[in-house]
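Q: One structure is given below, represented as structure tokens, and several questions about it will come after.
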Amino acid sequence: MTQSSEPAMRVGIIPVTPLEQNCSLVWCTKTMKAALVDPGGDLDKLKAAVSKVGVTIEKLLITHGHLDHCGQAGILAKELGVPIEGPHEDDRFWIEQLSQDGGRYGMHAESFEPDRWLNDGDTVTVGDQVLQVIHCPGHTPGHVVFHNPEGHLAIVGDVIFAGSIGRTDFPRGNHADLIASITQKLWPLGNDVTFIPGHGPTSTFGRERQVNGFVSDYALS
């Protein structure tokens with residue numbers, strides 16, 4: 001007789017900011033230690049979700065330096081007394097201008113210095129769970145993706161969406177780099193990997209290879 005077992009890692013999605021950015025609450029079910037990935041704003045909403053699930057936040061993880069993804073990460077890190085890990089240091093210029101960008105969009109944002117910049121091939125932990133760090137430039141030069149092989153899950157920020165890909169018309173964006181990041185770094189992770197994008201619904205890499213008008217196998221052939 002087989003027993004259904006609790007997954008080792010669970011994830012909840014909490015849309016934040018007027019841009020409806022998908023902040024992910026990731027936690028280890030064994031330790032109930034957790035991380036918030038891209039806590040860009042609506043901190044009361046995020047803290048309420050954390051309290052409801054009953055986990056302890058041990059760190060904040062950042063995919064890239066855009067306002068909706070990390071504008072209030074520094075504020076939350078101070079409040080909770082936890083470190084910030086990510087993104088790659090090539091996004092430093094974005095993080096340094098967060099307060100100015102916030103003013104432009106009518107959102108409160110503050111610059112911060114991550115406790116740890118991340119590089120391709122690094123790992124980060126959430127409780128007993130390990131996430132692989134994949135540097136995926138293109139949308140921004142320092143964008144990283146977090147991949148949990150055991151759970152067949154990736155948190156991809158604004159690299160790829162269900163049916164679309166990230167914009168590359170921002171400073172230091174690069175379309176060719178973005179396509180290479182998706183096809184050379186994400187596709188090899190496997191068609192069965194479910195991904196949480198920075199906006200909109202989840203999908204799988206396999207589905208996007210079939211139907212995504214920008215990066216499907218057919219579109220790129």
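We name chains A, B, ... following the order of the structure tokens; residues begin at 1 in each chain, and ligands are numbered from 1 as shown.
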Could you find all residues in chain A that DSSP calls strand (DSSP E) from the backbone, and write them as a PDB file with C-alpha atoms, in the first residue's frame?
A:
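Contents of out02.pdb, as written:
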ATOM      1  CA  MET A   9       8.681  21.975  -1.469  1.00  0.00           C
ATOM      2  CA  ARG A  10       5.521  23.985  -1.912  1.00  0.00           C
ATOM      3  CA  VAL A  11       4.896  27.299  -3.657  1.00  0.00           C
ATOM      4  CA  GLY A  12       2.166  29.922  -3.461  1.00  0.00           C
ATOM      5  CA  ILE A  13       1.779  32.852  -5.864  1.00  0.00           C
ATOM      6  CA  ILE A  14       0.853  36.301  -4.520  1.00  0.00           C
ATOM      7  CA  PRO A  15       0.373  39.020  -7.170  1.00  0.00           C
ATOM      8  CA  VAL A  16       1.750  42.380  -5.983  1.00  0.00           C
ATOM      9  CA  GLN A  21       3.804  40.835 -10.491  1.00  0.00           C
ATOM     10  CA  ASN A  22       3.843  37.204  -9.311  1.00  0.00           C
ATOM     11  CA  CYS A  23       5.675  37.102  -5.977  1.00  0.00           C
ATOM     12  CA  SER A  24       6.312  33.462  -5.039  1.00  0.00           C
ATOM     13  CA  LEU A  25       6.235  32.143  -1.479  1.00  0.00           C
ATOM     14  CA  VAL A  26       8.436  29.042  -1.524  1.00  0.00           C
ATOM     15  CA  TRP A  27       8.756  26.775   1.487  1.00  0.00           C
ATOM     16  CA  CYS A  28      10.343  23.523   2.632  1.00  0.00           C
ATOM     17  CA  LYS A  33      11.395  27.589   6.428  1.00  0.00           C
ATOM     18  CA  ALA A  34      10.506  29.814   3.496  1.00  0.00           C
ATOM     19  CA  ALA A  35      11.664  32.450   1.036  1.00  0.00           C
ATOM     20  CA  LEU A  36       9.801  35.158  -0.824  1.00  0.00           C
ATOM     21  CA  VAL A  37      10.909  35.448  -4.444  1.00  0.00           C
ATOM     22  CA  THR A  56       9.167  31.344   8.762  1.00  0.00           C
ATOM     23  CA  ILE A  57      10.826  33.573   6.155  1.00  0.00           C
ATOM     24  CA  GLU A  58      14.591  33.008   6.208  1.00  0.00           C
ATOM     25  CA  LYS A  59      15.578  35.009   3.111  1.00  0.00           C
ATOM     26  CA  LEU A  60      14.398  36.997   0.109  1.00  0.00           C
ATOM     27  CA  LEU A  61      15.361  35.915  -3.413  1.00  0.00           C
ATOM     28  CA  ILE A  84      18.606  39.205   0.244  1.00  0.00           C
ATOM     29  CA  GLU A  85      20.142  36.849  -2.335  1.00  0.00           C
ATOM     30  CA  THR A 123      22.721  27.307  -5.429  1.00  0.00           C
ATOM     31  CA  VAL A 124      20.426  28.832  -2.824  1.00  0.00           C
ATOM     32  CA  THR A 125      18.679  26.944  -0.048  1.00  0.00           C
ATOM     33  CA  VAL A 126      15.187  27.219   1.372  1.00  0.00           C
ATOM     34  CA  GLN A 129      15.494  22.419  -0.350  1.00  0.00           C
ATOM     35  CA  VAL A 130      18.064  23.484  -2.936  1.00  0.00           C
ATOM     36  CA  LEU A 131      17.412  25.788  -5.880  1.00  0.00           C
ATOM     37  CA  GLN A 132      19.859  26.010  -8.760  1.00  0.00           C
ATOM     38  CA  VAL A 133      20.736  29.504  -9.997  1.00  0.00           C
ATOM     39  CA  ILE A 134      20.759  30.006 -13.764  1.00  0.00           C
ATOM     40  CA  HIS A 135      21.947  33.344 -15.181  1.00  0.00           C
ATOM     41  CA  VAL A 144      18.576  34.891 -12.798  1.00  0.00           C
ATOM     42  CA  VAL A 145      16.166  31.941 -12.737  1.00  0.00           C
ATOM     43  CA  PHE A 146      15.659  29.605  -9.758  1.00  0.00           C
ATOM     44  CA  HIS A 147      15.247  25.907 -10.590  1.00  0.00           C
ATOM     45  CA  ASN A 148      14.209  23.102  -8.255  1.00  0.00           C
ATOM     46  CA  LEU A 153       9.763  23.753 -11.028  1.00  0.00           C
ATOM     47  CA  ALA A 154      11.402  26.979 -12.181  1.00  0.00           C
ATOM     48  CA  ILE A 155      10.760  30.567 -11.101  1.00  0.00           C
ATOM     49  CA  VAL A 156      11.688  32.537 -14.190  1.00  0.00           C
ATOM     50  CA  GLY A 157      10.861  36.196 -13.521  1.00  0.00           C
ATOM     51  CA  ILE A 160       9.485  33.867 -20.461  1.00  0.00           C
ATOM     52  CA  PHE A 161       5.705  33.921 -20.006  1.00  0.00           C
ATOM     53  CA  SER A 164       5.253  35.375 -24.685  1.00  0.00           C
ATOM     54  CA  ILE A 165       8.790  36.418 -23.689  1.00  0.00           C
ATOM     55  CA  THR A 194       6.444  23.945 -14.690  1.00  0.00           C
ATOM     56  CA  PHE A 195       7.474  27.570 -14.555  1.00  0.00           C
ATOM     57  CA  ILE A 196       6.155  30.542 -12.610  1.00  0.00           C
ATOM     58  CA  PRO A 197       6.614  33.707 -14.666  1.00  0.00           C
ATOM     59  CA  SER A 203       2.997  27.004 -17.986  1.00  0.00           C
ATOM     60  CA  THR A 204       5.545  24.305 -18.826  1.00  0.00           C
TER      61      THR A 204
END
Q: Counting only C-alpha atoms, what are the residues of range 124-156 of chain A within 6 Å of range 178-185 of chain A, and for each of them which pair of atoms is the nearest and at what distance in Å, to one decimal? Sort the table by chain and rising number, as a Markdown table.
A:
| residue | atom | partner | partner_atom | distance |
| --- | --- | --- | --- | --- |
| A:Cys136 | CA | A:Ser181 | CA | 4.9 |
| A:Pro137 | CA | A:Leu178 | CA | 6.0 |
| A:Gly138 | CA | A:Leu178 | CA | 3.9 |
Q: Tell me which protein, DNA and RNA residues are within 12 Å of Lys78 in chain A, counting only C-alpha atoms, leaving out same-chain ones fewer than 5 positions away, and put them as a PyMOL selection string.
A: chain A and resi 59-60+72-73+83-84+110+112-115
Q: Which of these, A:Asp42, A:Asp101, A:Asp120, A:Asp68, has the shortest distance to His88 in chain A once you count only C-alpha atoms?
A: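 Checking each of A:Asp42, A:Asp101, A:Asp120, A:Asp68 against His88 in chain A, counting only C-alpha atoms, the winner is A:Asp120.
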Q: Tell me which protein, DNA and RNA residues are within 6 Å of Ile95 in chain A, counting only C-alpha atoms, leaving out same-chain ones fewer than 2 positions away, and put them as a compact mmCIF listing (two decimals) with N, CA and C atoms, in the first residue's frame.
A:
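As written to disk, selection07.txt reads:
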# COMPACT_ATOMS: atom_id res chain seq x y z
N GLY A 65 16.41 43.26 -11.28
CA GLY A 65 16.35 44.53 -10.57
C GLY A 65 15.21 45.45 -10.89
N ARG A 92 23.01 45.59 -10.93
CA ARG A 92 23.24 46.59 -9.88
C ARG A 92 22.68 47.95 -10.29
N PHE A 93 22.87 48.34 -11.55
CA PHE A 93 22.43 49.68 -11.97
C PHE A 93 20.92 49.84 -11.86
N GLN A 97 18.81 52.55 -8.99
CA GLN A 97 17.88 53.61 -9.43
C GLN A 97 16.43 53.30 -9.05
N LEU A 98 16.22 52.37 -8.11
CA LEU A 98 14.86 51.99 -7.74
C LEU A 98 14.01 53.15 -7.23
N SER A 111 16.36 51.60 -2.96
CA SER A 111 17.53 50.83 -3.36
C SER A 111 18.04 50.01 -2.17
Q: Nearest to Val211 in chain A among A:Val82, A:Met32, A:Pro149, A:Gly163, with distances taken over only C-alpha atoms: which residue is it?
A: A:Gly163
Q: Out of range 95-168 of chain A, which residues get alpha helix (DSSP H) from DSSP, as a VMD selection string?
A: chain A and resid 95 to 96 98 to 105
Q: Take the residues that were just selected and, keeping N, CA and C atoms, output them as a PDB file, in the first residue's frame.
A:
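Contents of out-v5.pdb, as written:
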ATOM      1  N   ILE A  95      19.020  48.303  -9.543  1.00  0.00           N
ATOM      2  CA  ILE A  95      18.713  48.385  -8.110  1.00  0.00           C
ATOM      3  C   ILE A  95      19.095  49.761  -7.555  1.00  0.00           C
ATOM      4  N   GLU A  96      20.171  50.330  -8.089  1.00  0.00           N
ATOM      5  CA  GLU A  96      20.610  51.642  -7.605  1.00  0.00           C
ATOM      6  C   GLU A  96      19.630  52.756  -7.984  1.00  0.00           C
ATOM      7  N   LEU A  98      16.225  52.373  -8.105  1.00  0.00           N
ATOM      8  CA  LEU A  98      14.858  51.987  -7.743  1.00  0.00           C
ATOM      9  C   LEU A  98      14.012  53.146  -7.231  1.00  0.00           C
ATOM     10  N   SER A  99      14.576  54.007  -6.391  1.00  0.00           N
ATOM     11  CA  SER A  99      13.759  55.090  -5.835  1.00  0.00           C
ATOM     12  C   SER A  99      13.307  56.053  -6.937  1.00  0.00           C
ATOM     13  N   GLN A 100      14.192  56.344  -7.908  1.00  0.00           N
ATOM     14  CA  GLN A 100      13.792  57.204  -9.030  1.00  0.00           C
ATOM     15  C   GLN A 100      12.706  56.537  -9.867  1.00  0.00           C
ATOM     16  N   ASP A 101      12.886  55.230 -10.157  1.00  0.00           N
ATOM     17  CA  ASP A 101      11.887  54.497 -10.947  1.00  0.00           C
ATOM     18  C   ASP A 101      10.547  54.464 -10.221  1.00  0.00           C
ATOM     19  N   GLY A 102      10.597  54.311  -8.899  1.00  0.00           N
ATOM     20  CA  GLY A 102       9.364  54.307  -8.117  1.00  0.00           C
ATOM     21  C   GLY A 102       8.595  55.602  -8.288  1.00  0.00           C
ATOM     22  N   GLY A 103       9.324  56.727  -8.248  1.00  0.00           N
ATOM     23  CA  GLY A 103       8.691  58.024  -8.433  1.00  0.00           C
ATOM     24  C   GLY A 103       8.007  58.139  -9.779  1.00  0.00           C
ATOM     25  N   ARG A 104       8.638  57.568 -10.811  1.00  0.00           N
ATOM     26  CA  ARG A 104       8.061  57.624 -12.155  1.00  0.00           C
ATOM     27  C   ARG A 104       6.752  56.850 -12.247  1.00  0.00           C
ATOM     28  N   TYR A 105       6.665  55.757 -11.512  1.00  0.00           N
ATOM     29  CA  TYR A 105       5.476  54.893 -11.584  1.00  0.00           C
ATOM     30  C   TYR A 105       4.502  55.118 -10.429  1.00  0.00           C
TER      31      TYR A 105
END
Q: Taking only C-alpha atoms into account, name the residue in A:Gly213, A:Gly151, A:Gly121, A:Gly198 that is nearest to Glu20 in chain A.
A: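 Looking only at the distances to Glu20 in chain A, the closest residue turns out to be A:Gly198.
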Q: Enter the distance from CA of His152 in chain A to CA of His64 in chain A, in Å, rounded to one decimal.
A: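 CA of His152 in chain A sits 21.6 Å away from CA of His64 in chain A.
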Q: Using only C-alpha atoms, which of the listed residues (A:Gly106, A:Gly166, A:Pro141, A:Gly190) sits closest to Val215 in chain A?
A: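 Going through A:Gly106, A:Gly166, A:Pro141, A:Gly190 one by one, the smallest distance to Val215 in chain A is for A:Gly166.
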Q: Could you work out how far CA of Val53 in chain A lies from CA of Thr31 in chain A, giving the answer in Å with one decimal?
A: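 Going from CA of Thr31 in chain A over to CA of Val53 in chain A covers 13.0 Å.
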Q: Please measure the separation of CA of Glu150 in chain A and CA of Val50 in chain A, giving the value in Å to one decimal.
A: 23.2 Å
